[in-house]
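Reproduced below: entry_29.cif, with mmCIF, C-alpha atoms.
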data_my_file
loop_
_atom_site.label_atom_id
_atom_site.label_comp_id
_atom_site.auth_asym_id
_atom_site.auth_seq_id
_atom_site.Cartn_x
_atom_site.Cartn_y
_atom_site.Cartn_z
CA MET K 25 -34.78 30.03 -21.05
CA GLU K 26 -33.25 33.16 -22.57
CA ALA K 27 -30.91 33.40 -19.59
CA ALA K 28 -29.68 29.86 -20.27
CA ARG K 29 -29.06 30.69 -23.92
CA ARG K 30 -26.98 33.72 -22.99
CA ASP K 31 -25.20 32.01 -20.13
CA PRO K 32 -25.04 28.18 -20.07
CA SER K 33 -24.51 28.20 -16.31
CA GLN K 34 -28.17 29.27 -16.02
CA PHE K 35 -29.16 25.90 -17.52
CA ASP K 36 -29.29 24.39 -14.04
CA ALA K 37 -32.76 25.83 -13.41
CA LEU K 38 -34.11 24.17 -16.54
CA TYR K 39 -32.40 20.93 -15.59
CA ARG K 40 -34.02 20.84 -12.13
CA ARG K 41 -37.40 21.71 -13.60
CA TYR K 42 -37.52 19.05 -16.30
CA LEU K 43 -35.35 16.25 -14.91
CA ALA K 44 -38.17 14.17 -13.43
CA GLN K 45 -40.33 14.56 -16.53
CA VAL K 46 -37.61 13.44 -18.90
CA TYR K 47 -36.60 10.59 -16.60
CA SER K 48 -40.21 9.43 -16.23
CA PHE K 49 -40.67 9.48 -20.01
CA ALA K 50 -37.46 7.49 -20.47
CA TYR K 51 -38.38 5.01 -17.76
CA TYR K 52 -41.78 4.29 -19.29
CA GLU K 53 -40.20 3.90 -22.71
CA LEU K 54 -37.25 1.75 -21.69
CA GLY K 55 -38.54 -0.04 -18.60
CA ASP K 56 -35.12 -0.09 -17.01
CA HIS K 57 -33.73 2.23 -14.37
CA HIS K 58 -30.15 2.33 -15.67
CA ALA K 59 -31.17 2.69 -19.30
CA ALA K 60 -33.52 5.53 -18.34
CA GLU K 61 -30.72 7.28 -16.48
CA ASP K 62 -28.39 6.94 -19.46
CA ALA K 63 -31.00 8.34 -21.83
CA THR K 64 -31.78 11.19 -19.41
CA GLU K 65 -28.10 12.05 -19.09
CA ARG K 66 -27.60 12.13 -22.85
CA THR K 67 -30.69 14.25 -23.28
CA PHE K 68 -29.55 17.01 -20.94
CA LEU K 69 -25.93 16.99 -22.08
CA SER K 70 -27.04 17.25 -25.69
CA ALA K 71 -29.56 19.97 -24.86
CA LEU K 72 -26.93 22.07 -23.09
CA ALA K 73 -24.36 21.61 -25.84
CA ASN K 74 -26.90 22.67 -28.48
CA ILE K 75 -28.87 25.26 -26.58
CA HIS K 76 -27.64 28.01 -28.90
CA ARG K 77 -29.62 26.29 -31.66
CA PHE K 78 -32.92 26.38 -29.81
CA GLU K 79 -35.46 28.71 -31.40
CA GLU K 80 -38.39 29.90 -29.37
CA ARG K 81 -41.56 29.27 -31.36
CA ALA K 82 -44.08 30.40 -28.78
CA ARG K 83 -45.95 33.59 -29.74
CA PRO K 84 -47.11 36.33 -27.41
CA ALA K 85 -50.67 35.10 -28.03
CA ASP K 86 -49.72 31.79 -26.39
CA GLY K 87 -49.58 33.52 -23.03
CA GLU K 88 -46.95 34.95 -20.76
CA GLY K 89 -44.11 32.53 -20.08
CA ALA K 90 -45.17 30.16 -22.86
CA SER K 91 -42.20 28.33 -24.33
CA THR K 92 -41.50 25.56 -26.78
CA PHE K 93 -38.41 24.54 -24.84
CA ARG K 94 -40.07 21.46 -23.36
CA VAL K 95 -41.06 20.27 -26.83
CA TRP K 96 -37.48 20.77 -28.04
CA LEU K 97 -36.10 18.96 -24.99
CA PHE K 98 -38.45 16.01 -25.41
CA ARG K 99 -37.54 15.69 -29.07
CA ILE K 100 -33.96 15.28 -27.96
CA ALA K 101 -35.14 12.79 -25.33
CA ARG K 102 -37.05 10.82 -27.96
CA ASN K 103 -33.88 10.46 -30.02
CA ALA K 104 -31.80 9.58 -26.98
CA ILE K 105 -34.33 6.91 -26.01
CA ALA K 106 -34.34 5.49 -29.54
CA ASN K 107 -30.55 5.23 -29.43
CA GLN K 108 -30.69 3.67 -25.99
CA ARG K 109 -33.29 1.17 -27.15
CA ARG K 110 -31.08 0.16 -30.04
CA THR K 111 -28.39 -0.48 -27.47
CA VAL K 112 -30.34 -2.46 -24.93
CA ARG K 113 -33.10 -3.91 -27.15
CA ARG K 114 -35.68 -4.04 -24.41
CA ARG K 115 -39.38 -3.55 -24.19
CA PRO K 116 -41.02 -1.72 -21.30
CA THR K 117 -42.02 -4.78 -19.41
CA ALA K 118 -40.41 -4.15 -16.05
CA PRO K 119 -42.75 -4.84 -13.14
CA ILE K 120 -44.04 -1.79 -11.38
CA GLU K 121 -42.61 -3.08 -8.11
CA ALA K 122 -39.19 -2.18 -9.49
CA ALA K 123 -40.10 1.49 -9.30
CA ALA K 124 -40.09 3.49 -6.12
CA ILE K 125 -43.67 4.62 -5.70
CA VAL K 126 -44.22 7.07 -2.93
CA ALA K 127 -47.14 5.81 -0.88
CA ASP K 128 -48.48 6.12 2.59
CA PRO K 129 -46.48 3.63 4.70
CA LEU K 130 -49.37 3.25 7.12
CA ASP K 131 -51.93 2.43 4.46
CA VAL K 132 -50.69 -1.02 3.55
CA GLU K 133 -53.95 -2.21 2.06
CA GLY K 134 -54.43 0.95 0.00
CA ASP K 135 -50.83 0.75 -1.11
CA ALA K 136 -51.31 -2.81 -2.34
CA VAL K 137 -54.45 -1.83 -4.26
CA ARG K 138 -52.69 1.15 -5.83
CA ARG K 139 -49.80 -1.04 -6.86
CA GLU K 140 -52.11 -3.57 -8.42
CA GLU K 141 -54.12 -0.95 -10.28
CA GLY K 142 -51.01 0.94 -11.30
CA SER K 143 -49.44 -2.24 -12.54
CA ALA K 144 -52.54 -3.12 -14.58
CA ALA K 145 -52.71 0.37 -16.09
CA TRP K 146 -49.02 0.33 -16.90
CA LEU K 147 -49.18 -3.08 -18.48
CA ALA K 148 -52.22 -2.09 -20.53
CA VAL K 149 -50.36 0.97 -21.80
CA GLY K 150 -47.30 -1.17 -22.46
CA ARG K 151 -49.33 -3.48 -24.68
CA GLN K 152 -50.15 -0.59 -27.02
CA PRO K 153 -48.18 0.06 -30.20
CA THR K 154 -45.23 2.42 -29.75
CA ASP K 155 -46.91 5.60 -31.02
CA ARG K 156 -50.03 5.14 -28.92
CA ARG K 157 -48.02 4.28 -25.83
CA ARG K 158 -45.78 7.31 -26.27
CA ALA K 159 -48.72 9.65 -26.76
CA LEU K 160 -50.46 8.33 -23.64
CA ILE K 161 -47.33 8.71 -21.51
CA LEU K 162 -46.78 12.27 -22.70
CA ARG K 163 -50.45 13.09 -22.03
CA PHE K 164 -50.98 11.43 -18.67
CA VAL K 165 -47.55 11.29 -17.06
CA ASP K 166 -45.89 14.40 -18.45
CA GLU K 167 -49.25 16.17 -18.75
CA MET K 168 -48.46 17.72 -22.09
CA SER K 169 -51.05 19.43 -24.24
CA THR K 170 -52.02 17.97 -27.59
CA ALA K 171 -50.03 20.72 -29.31
CA GLU K 172 -46.91 19.85 -27.33
CA ILE K 173 -47.25 16.13 -28.05
CA ALA K 174 -47.68 16.94 -31.74
CA GLY K 175 -44.44 18.91 -31.59
CA VAL K 176 -42.56 16.10 -29.85
CA MET K 177 -43.85 13.38 -32.14
CA GLY K 178 -43.68 15.41 -35.33
CA ARG K 179 -47.37 15.02 -36.23
CA SER K 180 -50.39 17.27 -36.59
CA GLU K 181 -52.57 18.03 -33.60
CA GLY K 182 -55.51 16.32 -35.28
CA ALA K 183 -53.51 13.14 -35.76
CA ILE K 184 -52.46 13.18 -32.10
CA ARG K 185 -56.05 13.66 -30.94
CA VAL K 186 -57.18 10.64 -32.96
CA LEU K 187 -54.18 8.62 -31.79
CA ILE K 188 -54.95 9.27 -28.13
CA HIS K 189 -58.66 8.66 -28.60
CA ARG K 190 -58.03 5.27 -30.18
CA ALA K 191 -55.40 4.41 -27.59
CA LEU K 192 -57.80 5.18 -24.75
CA ARG K 193 -60.55 3.08 -26.28
CA SER K 194 -58.14 0.21 -26.66
CA VAL K 195 -56.77 0.55 -23.11
CA GLY K 196 -60.32 0.77 -21.73
CA ARG K 197 -61.34 -2.44 -23.45
CA ASP K 198 -58.12 -4.12 -22.31
CA LEU K 199 -58.57 -3.11 -18.67
CA ARG K 200 -62.22 -4.12 -18.57
CA GLY K 201 -61.53 -7.40 -20.31
CA ARG K 202 -58.85 -8.37 -17.81
CA SER K 203 -60.79 -7.27 -14.74
CA ARG K 204 -63.69 -9.61 -15.59
CA MET P 24 -62.91 4.63 -43.86
CA THR P 25 -65.55 6.93 -45.38
CA PHE P 26 -65.44 10.70 -45.09
CA LEU P 27 -68.37 10.56 -42.72
CA GLY P 28 -66.63 7.94 -40.61
CA ARG P 29 -63.46 9.97 -40.52
CA ASP P 30 -65.35 13.10 -39.56
CA ALA P 31 -67.12 11.24 -36.77
CA LEU P 32 -63.81 9.91 -35.49
CA GLU P 33 -62.27 13.38 -35.50
CA VAL P 34 -65.25 14.78 -33.62
CA ASP P 35 -64.98 11.98 -31.06
CA ALA P 36 -61.26 12.64 -30.76
CA LEU P 37 -61.93 16.35 -30.21
CA VAL P 38 -64.45 15.55 -27.50
CA THR P 39 -61.96 13.22 -25.85
CA ASP P 40 -59.31 15.94 -26.03
CA ARG P 41 -61.59 18.44 -24.28
CA TYR P 42 -62.42 15.92 -21.64
CA LEU P 43 -58.75 15.19 -20.99
CA GLU P 44 -57.96 18.89 -20.72
CA SER P 45 -60.65 19.14 -18.10
CA LEU P 46 -59.64 15.95 -16.32
CA LEU P 47 -55.95 16.76 -16.12
CA ALA P 48 -56.68 20.31 -15.00
CA GLY P 49 -58.68 18.82 -12.15
CA HIS P 50 -62.03 20.15 -13.34
CA ALA P 51 -63.63 16.88 -14.32
CA PRO P 52 -65.21 14.89 -11.50
CA VAL P 53 -62.69 12.34 -10.30
CA ALA P 54 -65.25 9.97 -9.04
CA GLY P 55 -62.71 7.64 -7.81
CA HIS P 56 -64.85 5.11 -9.31
CA ALA P 57 -64.58 4.05 -12.74
CA PRO P 58 -67.44 5.38 -14.74
CA MET P 59 -69.67 2.80 -16.25
CA ALA P 60 -69.68 1.98 -19.88
CA GLY P 61 -71.88 3.99 -22.17
CA HIS P 62 -71.78 7.56 -23.25
CA ALA P 63 -71.69 10.51 -20.93
CA PRO P 64 -71.67 14.27 -21.47
CA VAL P 65 -68.34 16.01 -21.34
CA PRO P 66 -67.95 18.21 -18.27
CA GLY P 67 -67.25 21.82 -19.05
CA ASP P 68 -68.24 21.39 -22.64
CA GLY P 69 -70.41 24.35 -23.40
CA ARG P 70 -72.09 22.72 -26.34
CA GLY P 71 -73.92 20.26 -24.17
CA GLY P 72 -74.41 17.80 -26.97
CA ALA P 73 -70.99 16.18 -27.10
CA MET P 74 -70.94 12.67 -25.73
CA LEU P 75 -67.87 10.87 -24.52
CA ASP P 76 -67.25 7.23 -25.26
CA GLY P 77 -67.59 5.13 -22.09
CA GLU P 78 -64.42 3.14 -22.68
CA VAL P 79 -62.46 6.32 -23.24
CA ARG P 80 -63.80 7.85 -20.05
CA PHE P 81 -63.01 4.72 -18.06
CA ALA P 82 -59.47 4.46 -19.42
CA ALA P 83 -58.80 8.17 -18.94
CA HIS P 84 -59.76 7.95 -15.28
CA ARG P 85 -57.65 4.88 -14.70
CA LEU P 86 -54.58 6.30 -16.41
CA GLY P 87 -55.01 9.68 -14.77
CA LEU P 88 -55.11 8.08 -11.33
CA ASP P 89 -52.92 5.01 -11.65
CA LEU P 90 -49.95 5.80 -13.86
CA PRO P 91 -47.12 6.68 -11.46
CA HIS P 92 -44.49 9.35 -11.89
CA PHE P 93 -40.91 8.17 -11.58
CA TYR P 94 -37.97 10.04 -10.15
CA PRO P 95 -34.28 9.40 -10.61
CA SER P 96 -32.10 8.82 -7.58
CA PHE P 97 -30.71 11.81 -5.74
CA ARG P 98 -27.19 10.57 -6.41
CA PHE P 99 -27.84 10.51 -10.16
CA GLU P 100 -29.42 13.96 -10.06
CA GLU P 101 -26.42 15.47 -8.32
CA ARG P 102 -23.86 13.68 -10.49
CA LEU P 103 -25.52 14.83 -13.70
CA GLY P 104 -25.91 18.31 -12.24
CA ARG P 105 -22.13 18.47 -11.71
CA ARG P 106 -21.45 17.23 -15.26
CA LEU P 107 -23.74 19.87 -16.68
CA ALA P 108 -22.07 22.57 -14.59
CA ASP P 109 -18.65 21.49 -15.92
CA LEU P 110 -19.94 21.48 -19.48
CA ALA P 111 -21.57 24.89 -19.00
CA ALA P 112 -18.27 26.29 -17.71
CA SER P 113 -16.39 24.93 -20.72
CA LEU P 114 -18.99 26.40 -23.07
CA ARG P 115 -18.62 29.88 -21.60
CA PHE P 116 -14.86 30.37 -22.22
CA PRO P 117 -14.77 29.97 -26.01
CA ALA P 118 -17.72 32.30 -26.31
CA ALA P 119 -15.91 34.99 -24.33
CA ALA P 120 -12.68 34.60 -26.33
CA GLY P 121 -14.43 34.85 -29.69
CA ALA P 122 -16.99 37.42 -28.71
CA GLU P 123 -15.30 40.11 -30.83
CA GLY P 124 -15.46 37.93 -33.96
CA VAL P 125 -17.92 38.47 -36.78
CA VAL P 126 -19.28 35.99 -39.29
CA ILE P 127 -18.65 36.92 -42.91
CA PRO P 128 -20.21 34.78 -45.64
CA LEU P 129 -17.41 33.83 -47.99
CA GLY P 130 -19.83 33.69 -50.90
CA GLY P 131 -20.68 37.35 -50.29
CA ILE P 132 -17.05 38.32 -50.72
CA GLY P 133 -16.87 36.47 -54.02
CA ARG P 134 -19.93 38.21 -55.38
CA GLY P 135 -18.98 41.75 -54.49
CA GLY P 136 -15.42 42.13 -53.24
CA VAL P 137 -13.25 39.96 -55.49
CA ASP P 138 -12.69 40.73 -59.11
CA PRO P 139 -13.33 37.95 -61.65
CA ALA P 140 -9.63 37.41 -62.36
CA THR P 141 -8.85 36.84 -58.69
CA ALA P 142 -11.91 34.63 -58.41
CA ASP P 143 -10.61 32.50 -61.29
CA LEU P 144 -7.20 32.36 -59.67
CA LEU P 145 -8.53 31.29 -56.30
CA ALA P 146 -10.86 28.79 -57.94
CA GLY P 147 -7.85 27.13 -59.54
CA LEU P 148 -6.00 26.69 -56.28
CA ALA P 149 -6.20 23.35 -54.61
CA GLY P 150 -7.81 23.58 -51.22
CA PHE P 151 -9.74 26.74 -51.94
CA ASP P 152 -13.45 26.95 -52.49
CA ASP P 153 -14.56 28.75 -55.60
CA PRO P 154 -15.45 32.19 -54.23
CA ARG P 155 -18.14 32.58 -56.87
CA ARG P 156 -20.08 29.76 -55.26
CA PRO P 157 -22.04 30.32 -52.08
CA GLY P 158 -19.57 29.39 -49.38
CA ARG P 159 -19.73 28.40 -45.75
CA PRO P 160 -19.53 31.18 -43.17
CA LEU P 161 -16.02 32.12 -42.13
CA LEU P 162 -15.44 33.06 -38.52
CA ILE P 163 -13.13 36.03 -38.30
CA GLY P 164 -11.55 36.40 -34.90
CA GLY P 165 -9.20 34.37 -32.75
CA ALA P 166 -7.05 31.40 -33.69
CA ILE P 167 -9.18 30.24 -36.57
CA THR P 168 -8.50 33.45 -38.49
CA SER P 169 -4.74 33.27 -38.00
CA ALA P 170 -4.63 29.66 -39.09
CA ALA P 171 -6.82 30.34 -42.11
CA LEU P 172 -4.70 33.32 -43.22
CA SER P 173 -1.46 31.35 -42.73
CA LEU P 174 -2.82 28.54 -44.86
CA ALA P 175 -3.87 31.03 -47.50
CA GLY P 176 -0.36 32.50 -47.55
CA VAL P 177 1.29 29.10 -47.88
CA ALA P 178 -1.06 28.13 -50.67
CA TRP P 179 -0.44 31.40 -52.48
CA VAL P 180 3.37 31.02 -52.36
CA ALA P 181 3.11 27.40 -53.46
CA TRP P 182 0.94 28.35 -56.39
CA ARG P 183 3.28 31.17 -57.42
CA ARG P 184 6.29 28.85 -57.38
CA ASN P 185 4.58 26.31 -59.58
CA HIS P 186 3.14 28.76 -62.11
CA PRO P 187 5.71 30.73 -64.13
CA ALA P 188 4.88 34.32 -64.90
CA ALA P 189 3.45 35.09 -68.29
CA SER P 190 5.69 38.03 -69.35
CA ARG P 191 9.46 38.10 -69.96
CA MET P 192 9.91 41.03 -67.58
CA ALA P 193 8.14 39.20 -64.78
CA ARG P 194 10.29 36.11 -65.32
CA ALA P 195 13.42 38.33 -65.22
CA VAL P 196 12.33 39.93 -61.94
CA ARG P 197 11.72 36.50 -60.42
CA ALA P 198 15.12 35.27 -61.59
CA VAL P 199 16.88 38.26 -59.98
CA ASN P 200 14.98 37.69 -56.75
CA ALA P 201 15.89 34.00 -56.78
CA ALA P 202 19.58 34.84 -57.44
CA ARG P 203 19.54 37.30 -54.52
CA ALA P 204 18.10 34.68 -52.24
CA VAL P 205 20.73 32.13 -53.28
CA SER P 206 23.62 34.58 -52.81
CA ALA P 207 22.27 35.63 -49.41
CA ALA P 208 22.06 32.00 -48.34
CA ARG P 209 25.63 31.39 -49.49
CA ALA P 210 26.86 34.44 -47.56
CA VAL P 211 25.17 33.19 -44.39
CA SER P 212 26.71 29.72 -44.85
CA ALA P 213 30.16 31.21 -45.36
CA ALA P 214 29.86 33.39 -42.26
CA ARG P 215 28.80 30.37 -40.17
CA ALA P 216 31.78 28.35 -41.52
CA ARG P 217 34.17 31.12 -40.48
CA LEU P 218 32.71 31.27 -37.00
CA ASP P 219 33.05 27.51 -36.62
#

Can you dump the structure from the file as structure tokens?
Amino acid sequence: MEAARRDPSQFDALYRRYLAQVYSFAYYELGDHHAAEDATERTFLSALANIHRFEERARPADGEGASTFRVWLFRIARNAIANQRRTVRRRPTAPIEAAAIVADPLDVEGDAVRREEGSAAWLAVGRQPTDRRRALILRFVDEMSTAEIAGVMGRSEGAIRVLIHRALRSVGRDLRGRSR
Amino acid sequence: MTFLGRDALEVDALVTDRYLESLLAGHAPVAGHAPMAGHAPVPGDGRGGAMLDGEVRFAAHRLGLDLPHFYPSFRFEERLGRRLADLAASLRFPAAAGAEGVVIPLGGIGRGGVDPATADLLAGLAGFDDPRRPGRPLLIGGAITSAALSLAGVAWVAWRRNHPAASRMARAVRAVNAARAVSAARAVSAARARLD
């Protein structure tokens, strides 16, 4: 991170590390491959152009290598996605078949089950209000900690914990209700 | 919601958070099978008494297992990588050219380095910020400095031409200087006419 601040050409390592995470977040939010690519592109271009403004907030007590860069990057991504959504005016309703899911080509039956379950889970998450959906994606797909999600969404950790708890209860009821 | 209700919700949310930490770190049992409804103890929770909501546990397992990760196309990744490399290269050159520059707060100059009379004078000039006010940082170094100083010179000359001097002696000196300039211009014109 420090290397990238001193020399922008070092940004490539950060780009390779976080590209899939940012793209995944954008894809879940926008539900469209091209829109997700546009938002991802804007996110990284903006991050590189403004990297001199990034301030490391991690403390030594947070552990070696701890960094708030991912939180900063995802805040940029959140804004880029909001702008993209204003442009395309879409909801994340794309069928999961549209996405390239890596599965075992020999396990056709298992693949079909995974697709069905994945689709149900995705749709259940997609039916949640925006804040809940976003928190769940950051937690389960990007595997962020509560503190990181709080940083991205601009809320307290306690508020994020309650948000995720309620979202999970709601998704659980939804999934059970539809499987009966 | 009552205080007690809110406290209970926050405790439940904390228990859920601990469970998710454990689940996503791979420590919680991934039964592969959706846990049944009801409450269950949180794995790895040293307190032993915390109970996890059955719906939450069920949903957490499903989302942890079923939500896919998406990847952009290789073509997109490489194209954006090239754009970022170009942008990074363009960001490096200005930094190298201006590396010797220093940032001087203009307001700081006004407070300590400019006498009140000069401050009044500059404050009266169109296009100048009042140096007594906190100003924006001024980058000294490179083309910006030259342009800023040139503009300051032009503004100073324009102001002097439009504001007559206060004393008789000063007006006399200006008149002599103006007469010298006019006679020099006439001499140059005459010389050119002879050459033509």

> If you apply the PyMOL selection byres ((chain K and resi 184) around 12) to this file, what residues do you get, as a VMD selection string?
Replying inline: (chain K and resid 155 to 160 162 to 163 168 to 183 185 to 191) or (chain P and resid 33 36 to 37 39 to 40)

>> Running the PyMOL selection byres ((chain P) within 10 of (chain K)) on this model by hand, what would come out? Give it as a ChimeraX atom specification.
In response: /P:29,32-41,43-44,47-48,60,76-96,99-100,102-115,118

>> Between CA of Ala106 in chain K and CA of Ala59 in chain K, what is the distance in Å, rounded to a tenth?
In response: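 Result for CA of Ala106 in chain K versus CA of Ala59 in chain K: 11.1 Å, one decimal.
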
> What gap, in Å, lies between CA of Ala207 in chain P and CA of Ala193 in chain P?
Replying inline: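 Going from CA of Ala207 in chain P over to CA of Ala193 in chain P covers 21.2 Å.
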
> Which residue gives the smallest distance to Glu53 in chain K among K:Arg102, K:Arg41, K:Arg81, K:Arg94, with all atoms listed in the file counted?
Replying inline: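 Checking each candidate against Glu53 in chain K, we get K:Arg102 as the closest.
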
>> One decimal, in Å: what's the spacing between CA of Gly55 in chain K and CA of Arg202 in chain K?
In response: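 Separating CA of Gly55 in chain K from CA of Arg202 in chain K is a distance of 22.0 Å.
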
> Looking at K:Thr92, K:Ile75, K:Thr67, K:Arg83, which one is nearest to Ile105 in chain K, with distances taken over all atoms listed in the file?
Replying inline: K:Thr67
